Amino acid sequence: MGEDEIRRKCMTCSDVFRIRNILDPRISPDGRKVAFTVERGNLRDNRYDTDIHVVPTKDGEPVNLTGDGKSSSPRWSPDCRSIAYISGVEGGRSLWVIDSLRREKHFLAECQAKNVRLGEVGEFLSWSPSGTMIAFVASPKSDRGTDRIMVHTKIHYR
């Protein structure tokens, strides 16, 4: 193998931005579809974009439901018609619901990113069994500036 062939086969920095990561796959309650987040590098804007895709569990191609580059954390409703998700559109993170068939999006609430990692102990976004309510974990908005550093030496709890 010549040196030119080796160079052509080596991965470059720009190759990293062509890699797609599949995150947070969720099987619908009826087992017929999977919703998941696709993360892809955006070299022009120097960031990662994320969109929610849905694919049938048997045959079919994935469909990009959100297309905004800022959506993640899909959660199926119990009736499999809607998906709740978090999106970073319109200036901040917020909770949305999308109809998985008609692709109609509905804003529900603003929600600051959670300040603790709960992935190992439970869900931070979940539908009620009846599908009429959604529970989520978020940080309250801070009225303090971010320039003030706080150091805690004890755990405060009640």
# chains A, B, ... in the order shown; residues from 1 in each chain; ligands from 1
>>> residues_around(residues="Glu110 (chain A)", least_positions_apart="2", cutoff="9 Å", atoms="only C-alpha atoms", output="number ranges by chain")
A: 92-95, 107-108, 112
>>> residues_around(residues="Asp59 (chain A)", least_positions_apart="5", cutoff="12 Å", atoms="only C-alpha atoms", output="list in words")
Arg32, Lys33 and Val34 of chain A
>>> write_last_selection(atoms="N, CA, C and O atoms", output="PDB file, in the first residue's frame")
ATOM      1  N   ARG A  32     -44.509  -0.760  17.195  1.00  0.00           N
ATOM      2  CA  ARG A  32     -44.474  -0.654  15.736  1.00  0.00           C
ATOM      3  C   ARG A  32     -43.468   0.361  15.203  1.00  0.00           C
ATOM      4  O   ARG A  32     -43.108   0.312  14.036  1.00  0.00           O
ATOM      5  N   LYS A  33     -43.011   1.300  16.052  1.00  0.00           N
ATOM      6  CA  LYS A  33     -42.087   2.334  15.591  1.00  0.00           C
ATOM      7  C   LYS A  33     -41.022   2.608  16.652  1.00  0.00           C
ATOM      8  O   LYS A  33     -41.205   2.288  17.826  1.00  0.00           O
ATOM      9  N   VAL A  34     -39.938   3.232  16.211  1.00  0.00           N
ATOM     10  CA  VAL A  34     -38.882   3.673  17.118  1.00  0.00           C
ATOM     11  C   VAL A  34     -38.617   5.151  16.848  1.00  0.00           C
ATOM     12  O   VAL A  34     -38.432   5.548  15.692  1.00  0.00           O
TER      13      VAL A  34
END
>>> residues_around(residues="Leu23 (chain A)", least_positions_apart="3", cutoff="7 Å", atoms="only C-alpha atoms", output="list in words")
Phe36, Thr37 and Val38 of chain A
>>> closest_residue(among="A:Arg26, A:Pro62, A:Gly31, A:Ile19", to="Leu43 (chain A)", atoms="only C-alpha atoms")
A:Ile19
>>> atom_distance(atom1="CA of Ile83 (chain A)", atom2="CA of Phe17 (chain A)")
27.6 Å
>>> residues_around(residues="Pro78 (chain A)", least_positions_apart="4", cutoff="10 Å", atoms="only C-alpha atoms", output="PyMOL selection string")
chain A and resi 28-30+82-83+127-132
>>> write_last_selection(atoms="N, CA and C atoms", output="short mmCIF file (atom, residue, chain, number, x, y, z; two decimals), in the first residue's frame")
data_model
loop_
_atom_site.label_atom_id
_atom_site.label_comp_id
_atom_site.auth_asym_id
_atom_site.auth_seq_id
_atom_site.Cartn_x
_atom_site.Cartn_y
_atom_site.Cartn_z
N SER A 28 -42.11 2.66 20.49
CA SER A 28 -43.48 3.08 20.78
C SER A 28 -44.17 2.02 21.63
N PRO A 29 -45.18 2.42 22.43
CA PRO A 29 -45.87 1.44 23.28
C PRO A 29 -46.47 0.26 22.52
N ASP A 30 -46.86 0.45 21.25
CA ASP A 30 -47.40 -0.67 20.49
C ASP A 30 -46.32 -1.50 19.78
N SER A 82 -48.47 10.82 19.56
CA SER A 82 -47.68 12.02 19.80
C SER A 82 -46.34 11.69 20.43
N ILE A 83 -45.41 12.61 20.26
CA ILE A 83 -44.10 12.49 20.88
C ILE A 83 -43.79 13.80 21.58
N TRP A 127 -44.70 10.80 30.06
CA TRP A 127 -46.16 10.94 29.93
C TRP A 127 -46.84 10.22 31.09
N SER A 128 -48.01 10.72 31.49
CA SER A 128 -48.83 9.99 32.45
C SER A 128 -49.43 8.78 31.72
N PRO A 129 -49.83 7.74 32.46
CA PRO A 129 -50.41 6.55 31.80
C PRO A 129 -51.64 6.87 30.96
N SER A 130 -52.41 7.90 31.33
CA SER A 130 -53.60 8.26 30.56
C SER A 130 -53.25 9.09 29.33
N GLY A 131 -52.05 9.64 29.26
CA GLY A 131 -51.63 10.46 28.13
C GLY A 131 -52.15 11.89 28.20
N THR A 132 -52.70 12.28 29.35
CA THR A 132 -53.26 13.63 29.48
C THR A 132 -52.30 14.62 30.13
#
>>> closest_residue(among="A:Ser126, A:Cys111, A:His152, A:Arg75", to="Ile98 (chain A)", atoms="only C-alpha atoms")
A:Arg75
>>> select_by_dssp(residues="region 1-115 of chain A", states="strand (DSSP E or B)", output="PyMOL selection string")
chain A and resi 20-27+33-42+47-56+63-64+70-76+82-87+94-99+105-110+112
>>> atom_distance(atom1="CA of Met11 (chain A)", atom2="CA of Asp24 (chain A)")
26.4 Å
>>> atom_distance(atom1="CA of Ser71 (chain A)", atom2="CA of Asp49 (chain A)")
8.1 Å
